[in-house]
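Heads up, upload_36.cif below (mmCIF, N, CA and C atoms):
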data_start
loop_
_atom_site.label_atom_id
_atom_site.label_comp_id
_atom_site.auth_asym_id
_atom_site.auth_seq_id
_atom_site.Cartn_x
_atom_site.Cartn_y
_atom_site.Cartn_z
N MET A 23 0.84 -1.16 0.00
CA MET A 23 0.00 0.00 0.00
C MET A 23 0.89 1.23 0.00
N GLU A 24 0.63 2.10 -0.90
CA GLU A 24 1.44 3.30 -1.07
C GLU A 24 0.63 4.53 -0.67
N LEU A 25 1.24 5.35 0.15
CA LEU A 25 0.58 6.59 0.54
C LEU A 25 1.09 7.71 -0.34
N THR A 26 0.18 8.44 -0.87
CA THR A 26 0.58 9.58 -1.68
C THR A 26 -0.03 10.84 -1.08
N THR A 27 0.67 11.89 -1.24
CA THR A 27 0.14 13.17 -0.77
C THR A 27 -0.03 14.09 -1.96
N ALA A 28 -0.98 14.94 -1.85
CA ALA A 28 -1.21 15.90 -2.92
C ALA A 28 -0.10 16.94 -2.93
N ALA A 29 0.20 17.39 -4.10
CA ALA A 29 1.22 18.44 -4.22
C ALA A 29 0.71 19.71 -3.54
N PRO A 30 1.58 20.41 -2.85
CA PRO A 30 1.12 21.63 -2.18
C PRO A 30 0.62 22.66 -3.19
N ARG A 31 -0.50 23.25 -2.86
CA ARG A 31 -1.06 24.27 -3.75
C ARG A 31 -0.32 25.58 -3.58
N ARG A 32 -0.16 26.26 -4.66
CA ARG A 32 0.46 27.58 -4.60
C ARG A 32 -0.66 28.61 -4.54
N ARG A 33 -0.43 29.63 -3.77
CA ARG A 33 -1.43 30.68 -3.65
C ARG A 33 -1.38 31.56 -4.88
N SER A 34 -2.53 31.86 -5.38
CA SER A 34 -2.58 32.70 -6.58
C SER A 34 -2.48 34.17 -6.20
N ALA A 35 -2.10 34.97 -7.16
CA ALA A 35 -1.97 36.41 -6.93
C ALA A 35 -3.33 37.03 -6.65
N ALA A 36 -4.39 36.52 -7.29
CA ALA A 36 -5.73 37.05 -7.05
C ALA A 36 -6.18 36.77 -5.62
N ARG A 37 -5.84 35.60 -5.12
CA ARG A 37 -6.21 35.26 -3.75
C ARG A 37 -5.46 36.13 -2.75
N ASP A 38 -4.19 36.40 -3.02
CA ASP A 38 -3.42 37.30 -2.17
C ASP A 38 -4.00 38.71 -2.20
N ALA A 39 -4.40 39.16 -3.38
CA ALA A 39 -4.97 40.50 -3.51
C ALA A 39 -6.30 40.58 -2.77
N ASP A 40 -7.10 39.52 -2.80
CA ASP A 40 -8.36 39.50 -2.06
C ASP A 40 -8.10 39.59 -0.56
N GLY A 41 -7.08 38.89 -0.09
CA GLY A 41 -6.71 38.95 1.32
C GLY A 41 -6.25 40.34 1.73
N MET A 42 -5.52 41.00 0.84
CA MET A 42 -5.07 42.37 1.13
C MET A 42 -6.26 43.32 1.19
N ALA A 43 -7.25 43.12 0.33
CA ALA A 43 -8.43 43.99 0.34
C ALA A 43 -9.19 43.85 1.65
N VAL A 44 -9.37 42.62 2.10
CA VAL A 44 -10.07 42.38 3.37
C VAL A 44 -9.25 42.93 4.54
N ALA A 45 -7.96 42.73 4.52
CA ALA A 45 -7.10 43.23 5.60
C ALA A 45 -7.12 44.75 5.66
N SER A 46 -7.14 45.40 4.51
CA SER A 46 -7.17 46.87 4.51
C SER A 46 -8.48 47.37 5.10
N PHE A 47 -9.58 46.69 4.81
CA PHE A 47 -10.87 47.06 5.37
C PHE A 47 -10.89 46.91 6.90
N ILE A 48 -10.38 45.80 7.39
CA ILE A 48 -10.37 45.54 8.83
C ILE A 48 -9.43 46.52 9.54
N LEU A 49 -8.25 46.74 8.98
CA LEU A 49 -7.31 47.68 9.60
C LEU A 49 -7.85 49.10 9.58
N GLY A 50 -8.58 49.45 8.55
CA GLY A 50 -9.19 50.77 8.50
C GLY A 50 -10.25 50.95 9.57
N LEU A 51 -11.04 49.90 9.81
CA LEU A 51 -12.06 49.96 10.87
C LEU A 51 -11.42 50.07 12.24
N VAL A 52 -10.43 49.26 12.50
CA VAL A 52 -9.76 49.29 13.80
C VAL A 52 -9.02 50.62 13.98
N GLY A 53 -8.49 51.14 12.89
CA GLY A 53 -7.75 52.39 12.95
C GLY A 53 -8.59 53.59 13.34
N LEU A 54 -9.90 53.50 13.15
CA LEU A 54 -10.75 54.61 13.58
C LEU A 54 -10.77 54.75 15.10
N LEU A 55 -10.49 53.67 15.80
CA LEU A 55 -10.55 53.68 17.26
C LEU A 55 -9.17 53.77 17.92
N ALA A 56 -8.18 53.13 17.34
CA ALA A 56 -6.87 53.08 17.99
C ALA A 56 -5.76 52.99 16.93
N LEU A 57 -4.64 53.59 17.26
CA LEU A 57 -3.43 53.53 16.42
C LEU A 57 -3.67 54.00 15.00
N ASN A 58 -4.50 55.03 14.84
CA ASN A 58 -4.83 55.46 13.48
C ASN A 58 -3.65 56.07 12.75
N VAL A 59 -2.63 56.52 13.46
CA VAL A 59 -1.45 57.07 12.79
C VAL A 59 -0.67 55.96 12.06
N PHE A 60 -0.79 54.72 12.52
CA PHE A 60 -0.11 53.59 11.86
C PHE A 60 -1.05 52.81 10.95
N LEU A 61 -2.27 52.55 11.45
CA LEU A 61 -3.19 51.69 10.72
C LEU A 61 -3.82 52.38 9.51
N GLY A 62 -3.96 53.71 9.57
CA GLY A 62 -4.52 54.43 8.43
C GLY A 62 -3.66 54.32 7.19
N PRO A 63 -2.38 54.69 7.27
CA PRO A 63 -1.52 54.54 6.09
C PRO A 63 -1.34 53.08 5.66
N LEU A 64 -1.28 52.16 6.62
CA LEU A 64 -1.14 50.75 6.27
C LEU A 64 -2.37 50.26 5.50
N SER A 65 -3.55 50.69 5.93
CA SER A 65 -4.78 50.34 5.24
C SER A 65 -4.79 50.90 3.82
N MET A 66 -4.32 52.11 3.66
CA MET A 66 -4.28 52.73 2.34
C MET A 66 -3.29 52.01 1.41
N ILE A 67 -2.16 51.62 1.96
CA ILE A 67 -1.15 50.90 1.15
C ILE A 67 -1.68 49.54 0.72
N LEU A 68 -2.28 48.80 1.65
CA LEU A 68 -2.82 47.48 1.31
C LEU A 68 -3.94 47.58 0.28
N ALA A 69 -4.82 48.56 0.44
CA ALA A 69 -5.92 48.73 -0.51
C ALA A 69 -5.39 49.07 -1.90
N SER A 70 -4.43 49.97 -1.96
CA SER A 70 -3.86 50.35 -3.27
C SER A 70 -3.17 49.17 -3.93
N THR A 71 -2.44 48.41 -3.15
CA THR A 71 -1.75 47.23 -3.70
C THR A 71 -2.76 46.19 -4.19
N ALA A 72 -3.82 45.98 -3.43
CA ALA A 72 -4.85 45.02 -3.84
C ALA A 72 -5.51 45.47 -5.14
N LEU A 73 -5.79 46.75 -5.27
CA LEU A 73 -6.42 47.25 -6.50
C LEU A 73 -5.47 47.12 -7.68
N LEU A 74 -4.19 47.38 -7.47
CA LEU A 74 -3.22 47.25 -8.56
C LEU A 74 -3.03 45.80 -8.99
N ARG A 75 -3.19 44.87 -8.06
CA ARG A 75 -3.04 43.45 -8.39
C ARG A 75 -4.31 42.83 -8.95
N GLY A 76 -5.36 43.61 -9.02
CA GLY A 76 -6.59 43.11 -9.64
C GLY A 76 -7.43 42.24 -8.73
N THR A 77 -7.74 42.73 -7.56
CA THR A 77 -8.57 41.96 -6.64
C THR A 77 -10.00 41.83 -7.17
N THR A 78 -10.65 40.76 -6.80
CA THR A 78 -12.05 40.59 -7.15
C THR A 78 -12.94 41.28 -6.12
N ARG A 79 -12.37 41.68 -5.00
CA ARG A 79 -13.11 42.38 -3.95
C ARG A 79 -12.79 43.87 -4.00
N ARG A 80 -13.13 44.47 -5.13
CA ARG A 80 -12.81 45.88 -5.34
C ARG A 80 -13.54 46.79 -4.36
N GLY A 81 -14.78 46.47 -4.05
CA GLY A 81 -15.54 47.27 -3.10
C GLY A 81 -14.90 47.29 -1.73
N ARG A 82 -14.43 46.12 -1.29
CA ARG A 82 -13.77 46.03 0.01
C ARG A 82 -12.48 46.82 0.01
N ALA A 83 -11.75 46.79 -1.12
CA ALA A 83 -10.50 47.54 -1.21
C ALA A 83 -10.77 49.05 -1.19
N PHE A 84 -11.82 49.49 -1.90
CA PHE A 84 -12.16 50.92 -1.88
C PHE A 84 -12.62 51.36 -0.49
N LEU A 85 -13.36 50.50 0.21
CA LEU A 85 -13.74 50.82 1.59
C LEU A 85 -12.52 50.93 2.48
N GLY A 86 -11.56 50.03 2.32
CA GLY A 86 -10.33 50.10 3.09
C GLY A 86 -9.55 51.36 2.80
N LEU A 87 -9.53 51.77 1.54
CA LEU A 87 -8.85 53.01 1.17
C LEU A 87 -9.55 54.22 1.79
N GLY A 88 -10.87 54.23 1.73
CA GLY A 88 -11.62 55.32 2.32
C GLY A 88 -11.48 55.38 3.84
N LEU A 89 -11.48 54.21 4.48
CA LEU A 89 -11.32 54.17 5.93
C LEU A 89 -9.91 54.60 6.34
N GLY A 90 -8.92 54.27 5.54
CA GLY A 90 -7.56 54.73 5.82
C GLY A 90 -7.45 56.24 5.77
N ILE A 91 -8.10 56.82 4.78
CA ILE A 91 -8.12 58.28 4.69
C ILE A 91 -8.88 58.87 5.86
N ALA A 92 -10.01 58.25 6.22
CA ALA A 92 -10.80 58.72 7.36
C ALA A 92 -10.00 58.63 8.66
N ASP A 93 -9.18 57.60 8.79
CA ASP A 93 -8.33 57.47 9.99
C ASP A 93 -7.43 58.70 10.15
N LEU A 94 -6.82 59.10 9.06
CA LEU A 94 -5.92 60.26 9.12
C LEU A 94 -6.68 61.56 9.34
N LEU A 95 -7.89 61.66 8.79
CA LEU A 95 -8.70 62.85 9.02
C LEU A 95 -9.16 62.94 10.48
N VAL A 96 -9.53 61.80 11.06
CA VAL A 96 -9.92 61.78 12.48
C VAL A 96 -8.73 62.17 13.35
N LEU A 97 -7.57 61.65 13.02
CA LEU A 97 -6.37 62.00 13.77
C LEU A 97 -6.09 63.50 13.68
N ALA A 98 -6.20 64.05 12.49
CA ALA A 98 -5.95 65.48 12.31
C ALA A 98 -6.96 66.32 13.07
N ALA A 99 -8.22 65.90 13.07
CA ALA A 99 -9.26 66.65 13.78
C ALA A 99 -9.02 66.65 15.28
N PHE A 100 -8.70 65.49 15.83
CA PHE A 100 -8.46 65.41 17.28
C PHE A 100 -7.17 66.12 17.67
N MET A 101 -6.17 66.05 16.80
CA MET A 101 -4.92 66.76 17.11
C MET A 101 -5.13 68.27 17.11
N SER A 102 -5.93 68.76 16.20
CA SER A 102 -6.17 70.20 16.17
C SER A 102 -7.06 70.65 17.33
N ALA A 103 -7.95 69.77 17.78
CA ALA A 103 -8.81 70.12 18.91
C ALA A 103 -8.03 70.14 20.23
N ASP A 104 -7.06 69.23 20.37
CA ASP A 104 -6.27 69.14 21.62
C ASP A 104 -5.01 69.99 21.58
N ASN A 105 -4.59 70.41 20.40
CA ASN A 105 -3.32 71.10 20.22
C ASN A 105 -2.14 70.24 20.69
N THR A 106 -2.23 68.94 20.43
CA THR A 106 -1.16 68.01 20.77
C THR A 106 -0.82 67.17 19.55
N LEU A 107 0.19 66.31 19.69
CA LEU A 107 0.56 65.41 18.59
C LEU A 107 -0.16 64.08 18.65
N SER A 108 -1.02 63.88 19.63
CA SER A 108 -1.79 62.65 19.74
C SER A 108 -3.15 63.00 20.31
N TRP A 109 -4.01 62.01 20.43
CA TRP A 109 -5.31 62.24 21.02
C TRP A 109 -5.65 61.09 21.94
N SER A 110 -6.50 61.36 22.89
CA SER A 110 -6.98 60.34 23.82
C SER A 110 -8.43 60.59 24.13
N PHE A 111 -9.09 59.59 24.70
CA PHE A 111 -10.51 59.70 25.01
C PHE A 111 -10.75 60.59 26.20
#
Any chance you could give the structure as structure tokens?
Amino acid sequence: MELTTAAPRRRSAARDADGMAVASFILGLVGLLALNVFLGPLSMILASTALLRGTTRRGRAFLGLGLGIADLLVLAAFMSADNTLSWSF
């Protein structure tokens, strides 16, 4: 009796781009509440990369891009209200 294993599957570029689109959306949502100075730009970079690679989840990538921009706008608004380089609740 011979045991055979299936050849390992390689991840496709489209699947990676879909993962980046979802990750950008999630990071953008989390960035609205905490660490928006880091998560906002990261969300924007992931969304842009996913769109350039041809993701099938274009809506999710655009939402991630918009949320990344919103993260930076929220940070700027709170920084101008507090006159500090950060914000807190």
Using all atoms listed in the file, the best pick from A:Val96, A:Ala56, A:Ala36, A:Thr27 as closest to Arg79 in chain A would be A:Ala36
Top pick for closest residue to Leu55 in chain A, considering A:Asp93, A:Phe84, A:Met101, A:Ser34 and counting all atoms listed in the file:
A:Asp93
Selection near Phe47 in chain A, 8 Å with only C-alpha atoms, sequence-local residues under 2 positions removed, as a PyMOL selection string:
chain A and resi 43-45+49-51+65+69+82-83+85-87+89
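The shortest atom-to-atom distance to Ala98 in chain A, with only C-alpha atoms taken into account, belongs to A:Val59 out of A:Val59, A:Leu73, A:Val52, A:Met42.
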Mind the document's chain letters and residue numbers, and return as JSON, numbers by chain the residues of chain A that DSSP labels helix (DSSP H, G or I).
{"A": [35, 36, 37, 38, 39, 40, 41, 42, 43, 44, 45, 46, 47, 48, 49, 50, 51, 52, 53, 58, 59, 60, 61, 62, 63, 64, 65, 66, 67, 68, 69, 70, 71, 72, 73, 74, 80, 81, 82, 83, 84, 85, 86, 87, 88, 89, 90, 91, 92, 93, 94, 95, 96, 97, 98, 99, 100, 101, 102, 103, 104]}
Figure out the distance between atom C of Leu54 in chain A and atom C of Leu94 in chain A, please, to one decimal in Å.
9.8 Å
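When atom C of Gly53 in chain A is paired with atom N of Asn105 in chain A, their separation reads 18.7 Å.
The space between atom C of Asn58 in chain A and atom C of Thr77 in chain A spans 25.3 Å.
Of the residues under consideration (A:Arg80, A:Ser46, A:Ile91, A:Leu97), A:Ser46 shows the shortest atom-to-atom contact distance to Leu68 in chain A when counting only N, CA and C atoms.
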Taking every listed atom of range 80-93 of chain A and adding 8 Å to each side, what centre and edge lengths in Å (one decimal) does the axis-aligned box have, as AutoDock Vina command-line options?
--center_x -11.5 --center_y 51.7 --center_z 2.4 --size_x 24.1 --size_y 30.4 --size_z 31.5
So that I can see what lies close to Arg75 in chain A, please list as number ranges by chain the residues with an atom at most 9 Å from it, counting only C-alpha atoms and leaving out residues fewer than 5 positions away in the same chain.
A: 35-36, 38-39, 70
